[in-house]
$ cat run_23.txt   # compact mmCIF, C-alpha atoms and all ligand atoms
# COMPACT_ATOMS: atom_id res chain seq x y z
CA MET A 1 -8.46 38.56 -41.75
CA ASP A 2 -5.54 36.74 -40.08
CA TYR A 3 -3.78 34.44 -42.52
CA ARG A 4 -1.33 32.91 -40.01
CA ASN A 5 -2.38 29.64 -38.46
CA ALA A 6 1.12 28.30 -37.90
CA VAL A 7 3.13 31.02 -36.21
CA LYS A 8 6.44 30.50 -38.04
CA TRP A 9 6.67 30.81 -41.84
CA TYR A 10 8.23 27.33 -42.18
CA GLN A 11 5.54 25.55 -40.13
CA TRP A 12 3.08 23.40 -42.07
CA ASP A 13 0.23 25.63 -43.21
CA PRO A 14 -0.42 25.34 -47.00
CA THR A 15 -3.29 27.87 -46.86
CA LYS A 16 -1.01 30.48 -45.34
CA TRP A 17 1.70 29.77 -47.93
CA PHE A 18 -0.86 30.00 -50.73
CA ILE A 19 -2.20 33.34 -49.48
CA ALA A 20 1.34 34.65 -49.02
CA MET A 21 2.17 33.68 -52.62
CA CYS A 22 -1.02 35.37 -53.86
CA SER A 23 -0.01 38.50 -52.00
CA ILE A 24 3.48 38.44 -53.61
CA PHE A 25 1.89 38.27 -57.07
CA GLY A 26 -0.68 40.95 -56.25
CA LEU A 27 -3.61 38.53 -56.14
CA ALA A 28 -4.39 39.18 -52.47
CA SER A 29 -4.23 42.42 -50.57
CA HIS A 30 -5.07 43.97 -47.23
CA LEU A 31 -3.69 40.99 -45.36
CA ARG A 32 -3.61 41.54 -41.63
CA LYS A 33 -1.25 40.01 -39.15
CA PHE A 34 -2.19 39.10 -35.62
CA PRO A 35 -0.28 41.32 -33.13
CA ASP A 36 3.01 39.69 -32.06
CA VAL A 37 2.20 40.25 -28.41
CA GLU A 38 -0.94 38.10 -28.74
CA ILE A 39 1.04 35.32 -30.39
CA LYS A 40 3.63 35.45 -27.59
CA ARG A 41 0.83 35.38 -25.01
CA SER A 42 -0.70 32.29 -26.63
CA LEU A 43 2.68 30.55 -26.85
CA LEU A 44 3.33 31.24 -23.17
CA THR A 45 -0.15 30.01 -22.24
CA MET A 46 0.51 26.73 -24.05
CA GLN A 47 3.94 26.38 -22.41
CA LEU A 48 2.40 26.99 -18.96
CA LYS A 49 -0.29 24.40 -19.71
CA LYS A 50 2.38 21.83 -20.60
CA LEU A 51 4.37 22.68 -17.44
CA ASP A 52 1.20 22.29 -15.36
CA GLU A 53 0.57 18.87 -16.90
CA GLU A 54 4.15 17.81 -16.10
CA ARG A 55 3.84 19.15 -12.56
CA GLU A 56 0.66 17.10 -12.06
CA ARG A 57 2.60 13.94 -12.91
CA LEU A 58 5.15 14.47 -10.09
CA PRO A 59 4.59 13.79 -6.39
CA TRP A 60 4.76 16.99 -4.30
CA PRO A 61 5.23 17.49 -0.56
CA VAL A 62 2.11 17.83 1.57
CA THR A 63 1.53 21.52 2.28
CA SER A 64 1.73 22.67 5.90
CA ASP A 65 -2.04 23.36 5.90
CA ASP A 66 -2.73 19.66 5.34
CA LEU A 67 -0.37 18.35 8.02
CA PRO A 68 -1.55 17.35 11.50
CA VAL A 69 -0.24 19.59 14.30
CA ILE A 70 1.57 17.43 16.86
CA THR A 71 2.72 18.36 20.37
CA TRP A 72 6.29 17.82 21.52
CA GLU A 73 5.12 15.09 23.93
CA ARG A 74 3.27 13.21 21.19
CA TYR A 75 6.31 13.55 18.89
CA GLN A 76 8.42 11.97 21.64
CA SER A 77 6.07 9.04 22.11
CA GLU A 78 5.58 8.41 18.33
CA ALA A 79 9.35 8.50 17.83
CA GLN A 80 9.64 5.41 20.10
CA SER A 81 8.07 3.26 17.41
CA GLN A 82 8.79 5.26 14.21
CA GLN A 83 11.91 6.95 12.88
CA LEU A 84 10.79 10.56 13.14
CA ILE A 85 13.07 13.60 13.00
CA LEU A 86 12.14 17.22 13.63
CA ILE A 87 13.69 19.78 11.26
CA SER A 88 12.50 23.40 10.90
CA GLY A 89 9.29 22.80 12.83
CA PHE A 90 8.25 19.87 10.64
CA ILE A 91 8.27 16.22 11.70
CA HIS A 92 9.69 13.88 9.06
CA ASP A 93 9.37 10.14 8.71
CA VAL A 94 12.88 9.08 7.66
CA GLY A 95 12.26 5.32 7.99
CA GLN A 96 12.42 4.60 4.24
CA PHE A 97 15.42 6.89 3.79
CA MET A 98 17.70 5.62 6.56
CA ASP A 99 19.75 3.29 4.35
CA GLN A 100 19.86 5.73 1.43
CA HIS A 101 21.22 8.71 3.38
CA PRO A 102 24.60 9.71 1.83
CA GLY A 103 25.75 10.80 5.30
CA GLY A 104 24.98 7.34 6.68
CA ARG A 105 22.24 5.70 8.72
CA ARG A 106 23.96 6.38 12.03
CA LEU A 107 23.66 10.19 11.82
CA LEU A 108 19.92 9.93 11.24
CA GLU A 109 19.45 7.37 14.01
CA THR A 110 21.11 9.63 16.56
CA HIS A 111 18.61 12.41 15.73
CA VAL A 112 15.39 10.38 15.94
CA GLY A 113 13.03 12.09 18.40
CA LYS A 114 15.22 15.21 18.48
CA ASP A 115 15.36 18.60 16.81
CA ALA A 116 17.93 18.19 14.00
CA THR A 117 17.40 21.66 12.50
CA THR A 118 20.87 22.96 13.38
CA ALA A 119 22.59 19.72 12.31
CA PHE A 120 20.74 19.73 8.96
CA PHE A 121 21.43 23.42 8.26
CA GLY A 122 25.20 23.31 8.62
CA GLY A 123 25.75 22.37 12.26
CA VAL A 124 26.96 18.99 11.01
CA TYR A 125 26.48 19.35 7.27
CA ASP A 126 25.05 22.12 5.08
CA HIS A 127 22.67 20.23 2.81
CA SER A 128 21.99 21.06 -0.86
CA ASN A 129 18.70 22.38 -2.25
CA ALA A 130 18.00 18.88 -3.56
CA ALA A 131 18.34 17.53 0.00
CA HIS A 132 15.91 20.23 1.23
CA ASN A 133 13.38 19.22 -1.43
CA LEU A 134 13.80 15.56 -0.57
CA LEU A 135 13.33 16.35 3.10
CA ALA A 136 10.04 18.14 2.36
CA THR A 137 8.62 14.96 0.80
CA MET A 138 9.04 13.17 4.15
CA ARG A 139 6.87 15.56 6.21
CA VAL A 140 4.24 13.86 8.30
CA GLY A 141 3.37 16.58 10.80
CA ALA A 142 3.99 20.09 12.06
CA LEU A 143 5.20 20.57 15.61
CA HIS A 144 2.88 22.64 17.76
CA GLY A 145 4.75 25.93 18.36
CA GLY A 146 7.56 24.82 16.01
CA LEU A 147 10.10 24.33 18.79
CA GLU A 148 10.62 22.03 21.76
CA LEU A 149 10.45 24.88 24.23
CA VAL A 150 8.33 27.77 23.12
CA ASN A 151 8.69 31.06 24.89
CA GLU A 152 6.51 34.01 24.06
CA PHE A 153 9.21 35.69 21.90
CA ALA A 154 10.26 32.63 19.91
CA VAL A 155 9.39 32.60 16.20
CA PRO A 156 9.06 29.05 14.88
CA PRO A 157 11.16 28.59 11.70
CA CYS A 158 8.13 27.30 9.81
CA LEU A 159 6.43 30.70 10.15
CA LYS A 160 6.93 33.09 7.27
CA MET A 161 8.24 36.53 8.17
CA GLN A 162 5.54 39.16 8.16
CA ILE A 163 6.14 42.87 7.77
CA VAL A 164 3.86 44.90 9.99
CA ARG A 165 3.51 48.64 10.37
CA TRP A 166 5.03 49.86 13.63
CA THR A 167 3.27 52.69 15.37
CA PRO A 168 5.30 54.49 18.05
CA PRO A 169 3.62 54.55 21.45
CA SER A 170 1.78 57.78 22.11
CA PRO A 171 3.45 60.04 24.75
CA MET A 172 1.88 59.79 28.20
C1 LIG B 201 15.95 13.36 6.91
C2 LIG B 201 16.71 14.35 6.73
C3 LIG B 201 17.89 14.33 5.83
C4 LIG B 201 17.93 14.24 4.48
C5 LIG B 201 16.72 14.16 3.51
C6 LIG B 201 19.31 14.28 4.08
C7 LIG B 201 19.76 14.20 2.78
C8 LIG B 201 21.09 14.23 2.42
C9 LIG B 201 21.56 14.26 1.07
C10 LIG B 201 20.67 14.21 -0.19
C11 LIG B 201 22.91 14.30 1.12
C12 LIG B 201 23.86 14.36 -0.10
C13 LIG B 201 24.50 15.76 -0.18
C14 LIG B 201 23.47 16.85 -0.43
O1 LIG B 201 22.67 16.74 -1.40
O2 LIG B 201 23.46 17.84 0.35
C15 LIG B 201 23.30 14.28 2.50
C16 LIG B 201 24.60 14.28 2.94
C17 LIG B 201 24.95 14.38 4.26
N1 LIG B 201 24.12 14.46 5.33
FE1 LIG B 201 22.12 14.42 5.28
N2 LIG B 201 20.09 14.38 5.20
C18 LIG B 201 19.26 14.42 6.29
C19 LIG B 201 19.60 14.56 7.60
C20 LIG B 201 20.88 14.69 8.06
C21 LIG B 201 21.25 14.91 9.42
C22 LIG B 201 20.26 15.07 10.57
C23 LIG B 201 22.61 14.96 9.47
C24 LIG B 201 23.52 15.17 10.60
C25 LIG B 201 23.25 14.92 11.84
C26 LIG B 201 23.10 14.76 8.12
C27 LIG B 201 24.42 14.70 7.74
C28 LIG B 201 24.88 14.56 6.47
C29 LIG B 201 26.27 14.50 6.12
C30 LIG B 201 27.46 14.57 7.06
C31 LIG B 201 26.32 14.38 4.72
C32 LIG B 201 27.57 14.36 3.85
C33 LIG B 201 27.93 12.98 3.44
C34 LIG B 201 29.19 12.99 2.58
O3 LIG B 201 29.28 13.79 1.64
O4 LIG B 201 30.06 12.18 2.87
N3 LIG B 201 22.02 14.60 7.30
N4 LIG B 201 22.18 14.25 3.27
$ encode --input "run_23.txt" --output "structure tokens"
Amino acid sequence: MDYRNAVKWYQWDPTKWFIAMCSIFGLASHLRKFPDVEIKRSLLTMQLKKLDEERERLPWPVTSDDLPVITWERYQSEAQSQQLILISGFIHDVGQFMDQHPGGRRLLETHVGKDATTAFFGGVYDHSNAAHNLLATMRVGALHGGLELVNEFAVPPCLKMQIVRWTPPSPM
């Protein structure tokens, strides 16, 4: 039978201490310990549960599956009345952020209705990971095709790279 309820010897568990004392004085025998790996598994499960609970409390960006797909033309017309900026194939509403931008309101204003991907990724300033995370919280749509002009070979930045097996063409 397992006599460890608390996993560390110093944790409050009078029954465990009592049984351990009995064993020292020869009053209890054949005590079995739960395998360490099981204890570690349980500890990790509890830690993951706590992390999950904390994650639930935070606001997270809308995933690309839940965003409306918007054409370039519609993006242009919506950007007349809202402060929308395209970065990496996603349309962001930067209205609330304009006055908080460390790089200034002006830089954002000049990119409303445009593709600011290059500017955001180092063309003007290479933003930190925190800035990337902040940006993701402002997503309101995904641009159809990912780019202003889509040609048949263009890969929109929002698409994940896929590895495919290449089969050489069979000789004629
Ligand atoms: C909506 C999208 C954007 C977000 C969320 C954003 C966020 C930020 C943040 C958090 C910083 C502080 C430094 C850092 O953490 O990297 C920053 C700095 C900066 N950003 Fe942006 N940014 C955006 C768009 C842009 C665009 C489009 C440009 C350029 C055209 C730009 C230019 C700059 C510059 C120049 C700085 C440096 C300011 C300084 O250190 O004096 N940002 N931005």
$ residues_near_ligand --input "run_23.txt" --ligand "ligand LIG 201 (chain B)" --cutoff "6 Å" --atoms "all atoms listed in the file" --output "CSV table (one decimal) with C-alpha atoms, keeping the file's coordinate frame"
chain,number,residue,atom,x,y,z
A,94,VAL,CA,12.9,9.1,7.7
A,101,HIS,CA,21.2,8.7,3.4
A,102,PRO,CA,24.6,9.7,1.8
A,103,GLY,CA,25.8,10.8,5.3
A,107,LEU,CA,23.7,10.2,11.8
A,108,LEU,CA,19.9,9.9,11.2
A,116,ALA,CA,17.9,18.2,14.0
A,119,ALA,CA,22.6,19.7,12.3
A,120,PHE,CA,20.7,19.7,9.0
A,124,VAL,CA,27.0,19.0,11.0
A,125,TYR,CA,26.5,19.4,7.3
A,127,HIS,CA,22.7,20.2,2.8
A,128,SER,CA,22.0,21.1,-0.9
A,130,ALA,CA,18.0,18.9,-3.6
A,131,ALA,CA,18.3,17.5,0.0
A,134,LEU,CA,13.8,15.6,-0.6
A,135,LEU,CA,13.3,16.4,3.1
$ closest_residue --input "run_23.txt" --among "A:Ser64, A:Gln100, A:Asp115, A:Arg105" --to "Leu84 in chain A" --atoms "all atoms listed in the file"
A:Asp115
$ atom_distance --input "run_23.txt" --atom1 "CA of Ala6 in chain A" --atom2 "CA of Cys22 in chain A"
17.6 Å
$ residues_around --input "run_23.txt" --residues "range 70-78 of chain A" --least-positions-apart "2" --cutoff "12 Å" --atoms "all atoms listed in the file" --output "JSON, numbers by chain"
{"A": [67, 68, 80, 81, 82, 83, 84, 85, 86, 89, 90, 91, 92, 93, 111, 112, 113, 114, 115, 140, 141, 142, 143, 144, 145, 146, 147, 148, 149, 150]}
$ closest_residue --input "run_23.txt" --among "A:Thr137, A:Thr110, A:Leu51, A:Asp13" --to "Phe97 in chain A" --atoms "all atoms listed in the file"
A:Thr137
$ closest_residue --input "run_23.txt" --among "A:Ile19, A:Met138, A:Lys50, A:Phe34" --to "Ile87 in chain A" --atoms "only C-alpha atoms"
A:Met138
$ atom_distance --input "run_23.txt" --atom1 "CA of Val62 in chain A" --atom2 "CA of Gln96 in chain A"
17.0 Å
$ atom_distance --input "run_23.txt" --atom1 "CA of Ser42 in chain A" --atom2 "CA of Val7 in chain A"
10.4 Å
$ build_atoms --input "run_23.txt" --residues "range 81-109 of chain A" --atoms "N, CA and C atoms" --output "compact mmCIF listing (two decimals), in the coordinates of the input"
# COMPACT_ATOMS: atom_id res chain seq x y z
N SER A 81 8.37 4.37 18.31
CA SER A 81 8.07 3.26 17.41
C SER A 81 8.35 3.58 15.93
N GLN A 82 8.51 4.90 15.60
CA GLN A 82 8.79 5.26 14.21
C GLN A 82 10.04 6.12 14.17
N GLN A 83 10.69 6.15 12.98
CA GLN A 83 11.91 6.95 12.88
C GLN A 83 11.54 8.37 12.43
N LEU A 84 11.24 9.19 13.41
CA LEU A 84 10.79 10.56 13.14
C LEU A 84 11.88 11.55 13.55
N ILE A 85 12.07 12.56 12.69
CA ILE A 85 13.07 13.60 13.00
C ILE A 85 12.43 14.97 12.78
N LEU A 86 12.66 15.85 13.75
CA LEU A 86 12.14 17.22 13.63
C LEU A 86 13.19 18.11 12.98
N ILE A 87 12.80 18.79 11.90
CA ILE A 87 13.69 19.78 11.26
C ILE A 87 12.82 20.96 10.85
N SER A 88 13.20 22.15 11.26
CA SER A 88 12.50 23.40 10.90
C SER A 88 11.02 23.36 11.26
N GLY A 89 10.69 22.80 12.38
CA GLY A 89 9.29 22.80 12.83
C GLY A 89 8.44 21.72 12.20
N PHE A 90 9.00 20.96 11.26
CA PHE A 90 8.25 19.87 10.64
C PHE A 90 8.79 18.52 11.10
N ILE A 91 7.87 17.58 11.30
CA ILE A 91 8.27 16.22 11.70
C ILE A 91 8.34 15.38 10.43
N HIS A 92 9.47 14.67 10.29
CA HIS A 92 9.69 13.88 9.06
C HIS A 92 9.82 12.41 9.39
N ASP A 93 9.20 11.58 8.56
CA ASP A 93 9.37 10.14 8.71
C ASP A 93 10.53 9.72 7.81
N VAL A 94 11.68 9.38 8.44
CA VAL A 94 12.88 9.08 7.66
C VAL A 94 13.12 7.56 7.55
N GLY A 95 12.12 6.78 7.97
CA GLY A 95 12.26 5.32 7.99
C GLY A 95 12.74 4.74 6.66
N GLN A 96 12.09 5.15 5.56
CA GLN A 96 12.42 4.60 4.24
C GLN A 96 13.78 5.10 3.74
N PHE A 97 14.24 6.21 4.33
CA PHE A 97 15.42 6.89 3.79
C PHE A 97 16.71 6.51 4.51
N MET A 98 16.54 5.92 5.70
CA MET A 98 17.70 5.62 6.56
C MET A 98 18.90 5.05 5.79
N ASP A 99 18.63 3.98 5.01
CA ASP A 99 19.75 3.29 4.35
C ASP A 99 20.22 3.99 3.09
N GLN A 100 19.45 5.02 2.65
CA GLN A 100 19.86 5.73 1.43
C GLN A 100 20.59 7.03 1.75
N HIS A 101 20.62 7.41 3.02
CA HIS A 101 21.22 8.71 3.38
C HIS A 101 22.72 8.73 3.06
N PRO A 102 23.18 9.67 2.18
CA PRO A 102 24.60 9.71 1.83
C PRO A 102 25.50 9.94 3.06
N GLY A 103 24.96 10.56 4.08
CA GLY A 103 25.75 10.80 5.30
C GLY A 103 25.71 9.61 6.25
N GLY A 104 25.01 8.55 5.86
CA GLY A 104 24.98 7.34 6.68
C GLY A 104 23.76 7.24 7.58
N ARG A 105 23.41 6.00 7.89
CA ARG A 105 22.24 5.70 8.72
C ARG A 105 22.43 6.21 10.15
N ARG A 106 23.66 6.08 10.63
CA ARG A 106 23.96 6.38 12.03
C ARG A 106 23.58 7.82 12.40
N LEU A 107 23.93 8.78 11.52
CA LEU A 107 23.66 10.19 11.82
C LEU A 107 22.16 10.43 11.97
N LEU A 108 21.37 9.75 11.14
CA LEU A 108 19.92 9.93 11.24
C LEU A 108 19.41 9.28 12.53
N GLU A 109 19.90 8.09 12.81
CA GLU A 109 19.45 7.37 14.01
C GLU A 109 19.66 8.19 15.27
